[in-house]
Amino acid sequence: MLIIGGGNAGVSLAGRLKRYRLKDIAVIEPRSRHLYQPLFSHIAGGTADAFEAVRLQSAVMPRGITWIQDKATDVSTESNTVLLESGSAVTYDHLVVCPGIQNDWTSIPGLKEAMEGPYGGSNYEYELAPKAWKLFRDLTSGTVVFTQPPGPASCDGAAQKPMYLACDYWRRQGVLKDIRVVLAVSTPTIFGMEIIDEELNRKIDEYGIEVHYSTQLESVDPEACTVVLRRTTDDTTETIGYDVLHAVPPQSAPEWLKSTDLPAPGNRGGFVEVDPVMLRHTRFPAIWSLGDAASTLNSKSGAALRMQTKVLAKNLKAVLKGKKPTSKYNHYSACPFVVSRKTVVFSEFDDKYSPMPTVPGWKNLARERRSTFIVERIVLPKVYWNLILKGRA
């Protein structure tokens with residue numbers, strides 16, 4: 001059994017398969033550190049330190065799992081072989097492809113340079129999150145532009161979280177009234193679920209945030225500190241100057257994956273073609289995929305991945321025992337919106353953004369709550385490091 005990717009998907013799946021007493025499991029992962037991405041928003045918003053989101057990869061790899069510290073560069077479906085950057089190759093009987101998603105910083109003119117410059121930050125890169133917080137913390141007046149990209153993205157609602165945290169901080173410092181906060185979202189509403197939209201719009205009004213709906217980041221001039229925003233409904237553009245730019249880039253599958261036989265023909269994002277319910281490749285039965293690299297129907301998130309891990313592990317176990325896979329993924333996803341430095345709005349939904357609650361009394365939890373902040377900020381990181389990565393949650 002071979003797994004490409006040692007992030008949340010790969011490690012938690014390996015841990016669960018190990019608990020199912022499957023043997024000869026190997027994980028291909030080149031990085032020496034493992035990152036917990038949900039904390040990036042708190043790092044950018046000043047409610048967490050950067051060190052809390054990182055562990056050594058060797059420390060999180062489940063016992064008894066072989067770690068191949070190399071990078072996958074190609075998959076041969078004819079010879080059941082994964083080619084590695086070192087020049088070697090690894091064969092497989094079953095392959096799980098979950099290398100995550102890549103940030104396409106260069107797809108928008110000037111964006112990469114703006115992030116490298118003195119006034120750009122983002123909660124979608126570990127190194128840029130602390131920089132974002134320093135920029136927010138030091139600002140006392142001016143314009144801050146936040147952007148949320150269109151298309152598939154890893155927990156795309158997370159693009160808004162540092163904005164709410166920063167606004168709450170500026171309000172506490174008494175400077176929010178002197179800061180113009182602009183948010184560009186590609187969707188016609190702030191999220192897409194009525195009860196969640198109500199809560200987020202209430203916070204947007206409370207903070208005085210200027211939202212540009214159906215709007216995408218077109219380009220950035222890092223020297224002039226301006227962005228061009230394009231409204232997709234009428235194709236008009238607007239240029240806005242900024243003192244701080246917090247951007248989230250368009251995202252797609254890793255480049256090497258796009259050039260393999262695994263994506264569906266015509267899939268521009270390069271995501272692995274799978275049955276969205278069974279998580280098995282529709283053309284290559286020995287290949288499976290889950291997480292951000294899979295072409296599932298759900299909104300990509302850690303909560304979705306947790307459900308997918310259980311389904312894929314059960315189905316893979318059944319196939320290895322000569323049985324028919326029967327476990328089904330129901331397109332579940334979730335996003336805890338951190339809307340202040342002590343409260344969260346908790347959303348659970350399916351692929352059509354219809355409510356899909358798993359917790360009794362969810363409608364109360366969908367409202368702004370202190371209790372859900374404690375769960376999201378304090379409890380879930382502990383669950384992640386101690387249970388999820390070990391295949392126990």
# chains A, B, ... in the order shown; residues from 1 in each chain; ligands from 1
call {"tool": "select_by_dssp", "arguments": {"residues": "stretch 186-283 of chain A", "states": "helix (DSSP H, G or I)", "output": "number ranges by chain"}}
result
A: 194-207, 255-258
call {"tool": "residues_around", "arguments": {"residues": "A:Tyr92", "least_positions_apart": "3", "cutoff": "9 Å", "atoms": "only C-alpha atoms", "output": "PDB file with N, CA and C atoms, in the first residue's frame"}}
result
ATOM      1  N   MET A   1       0.855  -1.188   0.000  1.00  0.00           N
ATOM      2  CA  MET A   1       0.000   0.000   0.000  1.00  0.00           C
ATOM      3  C   MET A   1       0.892   1.239   0.000  1.00  0.00           C
ATOM      4  N   LEU A   2       0.696   2.124  -0.989  1.00  0.00           N
ATOM      5  CA  LEU A   2       1.518   3.314  -1.133  1.00  0.00           C
ATOM      6  C   LEU A   2       0.630   4.559  -1.080  1.00  0.00           C
ATOM      7  N   SER A  79       2.511   0.370 -15.286  1.00  0.00           N
ATOM      8  CA  SER A  79       3.417  -0.488 -14.516  1.00  0.00           C
ATOM      9  C   SER A  79       3.170  -0.400 -13.020  1.00  0.00           C
ATOM     10  N   ASN A  80       2.118   0.335 -12.596  1.00  0.00           N
ATOM     11  CA  ASN A  80       1.838   0.527 -11.165  1.00  0.00           C
ATOM     12  C   ASN A  80       3.078   1.003 -10.421  1.00  0.00           C
ATOM     13  N   THR A  81       3.616   2.114 -10.912  1.00  0.00           N
ATOM     14  CA  THR A  81       4.873   2.637 -10.387  1.00  0.00           C
ATOM     15  C   THR A  81       4.763   4.139 -10.153  1.00  0.00           C
ATOM     16  N   VAL A  82       5.335   4.599  -9.055  1.00  0.00           N
ATOM     17  CA  VAL A  82       5.454   6.026  -8.772  1.00  0.00           C
ATOM     18  C   VAL A  82       6.916   6.421  -8.946  1.00  0.00           C
ATOM     19  N   LEU A  95      -2.697   2.422  -4.683  1.00  0.00           N
ATOM     20  CA  LEU A  95      -2.085   3.740  -4.519  1.00  0.00           C
ATOM     21  C   LEU A  95      -3.138   4.755  -4.089  1.00  0.00           C
ATOM     22  N   ALA A 286      -6.983   0.471  -9.016  1.00  0.00           N
ATOM     23  CA  ALA A 286      -5.944   0.345  -7.990  1.00  0.00           C
ATOM     24  C   ALA A 286      -5.562   1.696  -7.391  1.00  0.00           C
TER      25      ALA A 286
END
call {"tool": "atom_distance", "arguments": {"atom1": "atom CA of A:Gly46", "atom2": "atom CA of A:Val244"}}
result
15.6 Å
call {"tool": "residues_around", "arguments": {"residues": "stretch 337-349 of chain A", "least_positions_apart": "6", "cutoff": "9 Å", "atoms": "only C-alpha atoms", "output": "ChimeraX atom specification"}}
result
/A:41-42,45-47,157-158,160-169,193,195-196,199-200,203,298-299,331,355-358,362,365-374,376
call {"tool": "atom_distance", "arguments": {"atom1": "atom CA of A:Ser32", "atom2": "atom CA of A:Gly269"}}
result
26.7 Å
call {"tool": "residues_around", "arguments": {"residues": "A:Leu217", "least_positions_apart": "2", "cutoff": "8 Å", "atoms": "only C-alpha atoms", "output": "list in words"}}
result
Ile108, Thr147, Pro149, Ala184, Thr215, Ser219, Val220, Val227, Val228, Leu229 and Arg230 of chain A
call {"tool": "residues_around", "arguments": {"residues": "A:Asn8", "least_positions_apart": "4", "cutoff": "9 Å", "atoms": "only C-alpha atoms", "output": "list in words"}}
result
Ser12, Leu13, His34, Leu35, Tyr36, Gly100, Gly291, Gly302, Leu305, Arg306, Tyr384, Ile388 and Leu389 of chain A
call {"tool": "residues_around", "arguments": {"residues": "A:Pro250", "least_positions_apart": "6", "cutoff": "10 Å", "atoms": "only C-alpha atoms", "output": "list in words"}}
result
Gln102, Asn103, Asp104, Trp105, Thr106, Ser107, Ile108, Gln148, Pro149, Pro150, Gly151, Pro152, Ala153, Ser154, Asp156 and Leu217 of chain A
call {"tool": "closest_residue", "arguments": {"among": "A:Leu111, A:Val319, A:Ala393, A:Ala294", "to": "A:Ser252", "atoms": "only C-alpha atoms"}}
result
A:Ala294
call {"tool": "atom_distance", "arguments": {"atom1": "atom CA of A:Arg172", "atom2": "atom CA of A:Gly121"}}
result
21.7 Å
call {"tool": "closest_residue", "arguments": {"among": "A:Tyr353, A:Tyr332, A:Tyr119, A:Tyr124", "to": "A:Phe191", "atoms": "only C-alpha atoms"}}
result
A:Tyr353
call {"tool": "select_by_dssp", "arguments": {"residues": "stretch 140-370 of chain A", "states": "strand (DSSP E or B)", "output": "PyMOL selection string"}}
result
chain A and resi 142-147+179-184+210-212+215-221+226-231+236-241+244-246+251-252+263+272+274+280-281+287-289+294+333-338+344-349+355+369
call {"tool": "closest_residue", "arguments": {"among": "A:Ala50, A:Val182, A:Ala224, A:Ile43", "to": "A:Glu113", "atoms": "only C-alpha atoms"}}
result
A:Ala224
call {"tool": "closest_residue", "arguments": {"among": "A:Val145, A:Ala9, A:Val274, A:Ile25", "to": "A:Cys225", "atoms": "only C-alpha atoms"}}
result
A:Val145
call {"tool": "decode", "arguments": {"residues": "stretch 95-246 of chain A", "atoms": "C-alpha atoms", "output": "short mmCIF file (atom, residue, chain, number, x, y, z; two decimals), in the first residue's frame"}}
result
data_model
loop_
_atom_site.label_atom_id
_atom_site.label_comp_id
_atom_site.auth_asym_id
_atom_site.auth_seq_id
_atom_site.Cartn_x
_atom_site.Cartn_y
_atom_site.Cartn_z
CA LEU A 95 -2.08 3.74 -4.52
CA VAL A 96 -3.71 6.62 -2.61
CA VAL A 97 -2.97 10.03 -4.13
CA CYS A 98 -3.33 12.88 -1.63
CA PRO A 99 -0.48 15.41 -2.13
CA GLY A 100 -2.71 18.35 -1.26
CA ILE A 101 -3.21 21.52 -3.27
CA GLN A 102 -0.84 24.21 -4.52
CA ASN A 103 -1.08 27.99 -4.21
CA ASP A 104 -0.87 29.56 -7.67
CA TRP A 105 0.67 32.89 -6.67
CA THR A 106 1.97 33.60 -10.18
CA SER A 107 -1.44 33.20 -11.83
CA ILE A 108 -2.35 36.82 -10.95
CA PRO A 109 0.05 39.49 -12.27
CA GLY A 110 2.00 41.15 -9.46
CA LEU A 111 0.57 39.02 -6.64
CA LYS A 112 3.70 37.01 -5.90
CA GLU A 113 5.81 40.18 -5.86
CA ALA A 114 3.30 41.89 -3.58
CA MET A 115 3.50 39.02 -1.09
CA GLU A 116 7.30 39.24 -1.16
CA GLY A 117 7.14 43.00 -0.64
CA PRO A 118 6.71 44.88 2.64
CA TYR A 119 2.91 45.26 2.59
CA GLY A 120 1.64 41.79 1.65
CA GLY A 121 0.64 38.88 3.87
CA SER A 122 -1.54 35.78 3.79
CA ASN A 123 -2.87 33.06 6.06
CA TYR A 124 -2.39 30.55 3.21
CA GLU A 125 1.39 30.33 3.66
CA TYR A 126 3.09 29.45 6.94
CA GLU A 127 5.79 32.09 6.42
CA LEU A 128 3.34 34.83 5.40
CA ALA A 129 0.93 34.40 8.32
CA PRO A 130 3.17 35.98 11.04
CA LYS A 131 4.00 38.76 8.58
CA ALA A 132 0.28 39.45 8.11
CA TRP A 133 -0.23 39.79 11.86
CA LYS A 134 2.68 42.24 12.18
CA LEU A 135 1.18 44.37 9.41
CA PHE A 136 -2.27 44.32 11.05
CA ARG A 137 -0.86 45.01 14.51
CA ASP A 138 1.19 48.02 13.39
CA LEU A 139 -1.55 49.62 11.30
CA THR A 140 -3.44 52.57 12.79
CA SER A 141 -5.01 54.06 9.64
CA GLY A 142 -5.29 53.45 5.91
CA THR A 143 -6.79 50.82 3.61
CA VAL A 144 -6.58 47.05 3.94
CA VAL A 145 -7.69 44.83 1.05
CA PHE A 146 -8.67 41.19 1.62
CA THR A 147 -9.31 38.82 -1.28
CA GLN A 148 -10.98 35.41 -1.54
CA PRO A 149 -10.32 33.45 -4.75
CA PRO A 150 -12.82 31.75 -7.08
CA GLY A 151 -12.83 28.08 -7.89
CA PRO A 152 -11.64 25.12 -5.82
CA ALA A 153 -9.64 26.18 -2.79
CA SER A 154 -8.65 24.65 0.51
CA CYS A 155 -11.24 25.85 3.04
CA ASP A 156 -11.93 28.97 1.00
CA GLY A 157 -13.90 30.57 3.84
CA ALA A 158 -10.66 30.77 5.81
CA ALA A 159 -9.74 33.76 3.65
CA GLN A 160 -12.13 35.83 5.77
CA LYS A 161 -10.96 34.74 9.22
CA PRO A 162 -7.90 37.03 9.62
CA MET A 163 -10.08 39.95 8.51
CA TYR A 164 -12.54 39.48 11.38
CA LEU A 165 -9.70 38.93 13.87
CA ALA A 166 -7.92 42.06 12.66
CA CYS A 167 -11.10 44.16 12.76
CA ASP A 168 -11.78 43.07 16.33
CA TYR A 169 -8.20 43.97 17.27
CA TRP A 170 -8.42 47.40 15.59
CA ARG A 171 -11.73 48.06 17.35
CA ARG A 172 -10.19 47.21 20.71
CA GLN A 173 -7.31 49.56 19.90
CA GLY A 174 -9.74 52.33 18.96
CA VAL A 175 -8.45 52.67 15.37
CA LEU A 176 -11.03 50.69 13.36
CA LYS A 177 -12.87 53.90 12.45
CA ASP A 178 -9.71 55.12 10.70
CA ILE A 179 -9.19 51.96 8.63
CA ARG A 180 -11.01 51.17 5.39
CA VAL A 181 -11.49 47.41 5.19
CA VAL A 182 -12.25 46.04 1.71
CA LEU A 183 -13.17 42.42 1.01
CA ALA A 184 -13.45 40.98 -2.52
CA VAL A 185 -15.35 37.68 -2.83
CA SER A 186 -16.12 35.89 -6.09
CA THR A 187 -19.56 34.74 -4.91
CA PRO A 188 -22.85 36.70 -4.94
CA THR A 189 -23.23 36.25 -1.17
CA ILE A 190 -20.73 36.13 1.66
CA PHE A 191 -20.95 32.34 2.02
CA GLY A 192 -24.04 30.69 0.54
CA MET A 193 -26.07 29.44 3.54
CA GLU A 194 -28.84 31.71 4.81
CA ILE A 195 -28.20 31.23 8.53
CA ILE A 196 -24.43 31.66 8.12
CA ASP A 197 -24.83 34.64 5.78
CA GLU A 198 -27.01 36.32 8.42
CA GLU A 199 -24.33 35.95 11.08
CA LEU A 200 -21.44 36.99 8.84
CA ASN A 201 -23.32 39.97 7.43
CA ARG A 202 -24.10 41.11 10.97
CA LYS A 203 -20.36 41.05 11.79
CA ILE A 204 -19.54 42.78 8.50
CA ASP A 205 -21.94 45.60 9.38
CA GLU A 206 -20.58 45.70 12.93
CA TYR A 207 -17.01 46.17 11.70
CA GLY A 208 -17.93 48.43 8.78
CA ILE A 209 -16.38 46.15 6.16
CA GLU A 210 -16.84 47.11 2.51
CA VAL A 211 -17.68 43.92 0.60
CA HIS A 212 -17.37 43.64 -3.18
CA TYR A 213 -19.46 40.65 -4.24
CA SER A 214 -18.94 38.67 -7.48
CA THR A 215 -15.51 40.26 -7.61
CA GLN A 216 -12.08 38.80 -8.32
CA LEU A 217 -8.54 40.06 -7.91
CA GLU A 218 -7.35 40.87 -11.45
CA SER A 219 -3.84 42.20 -10.83
CA VAL A 220 -1.58 43.88 -8.29
CA ASP A 221 0.94 46.71 -8.67
CA PRO A 222 3.20 46.15 -5.66
CA GLU A 223 5.23 49.31 -6.26
CA ALA A 224 2.19 51.59 -6.46
CA CYS A 225 0.39 49.51 -3.79
CA THR A 226 -2.77 49.16 -5.85
CA VAL A 227 -5.03 46.27 -6.82
CA VAL A 228 -7.38 45.94 -9.77
CA LEU A 229 -10.66 44.24 -8.85
CA ARG A 230 -12.93 42.88 -11.59
CA ARG A 231 -16.66 42.47 -11.08
CA THR A 232 -17.71 39.33 -12.94
CA THR A 233 -21.36 40.32 -13.39
CA ASP A 234 -20.56 43.18 -15.79
CA ASP A 235 -16.79 42.80 -16.32
CA THR A 236 -16.06 46.26 -14.92
CA THR A 237 -12.88 46.98 -12.98
CA GLU A 238 -11.91 49.19 -10.07
CA THR A 239 -8.45 50.19 -8.87
CA ILE A 240 -7.96 50.51 -5.11
CA GLY A 241 -4.85 51.62 -3.26
CA TYR A 242 -3.82 49.65 -0.20
CA ASP A 243 -1.62 50.02 2.85
CA VAL A 244 -1.87 46.28 3.55
CA LEU A 245 -2.89 43.50 1.15
CA HIS A 246 -4.04 40.16 2.54
#
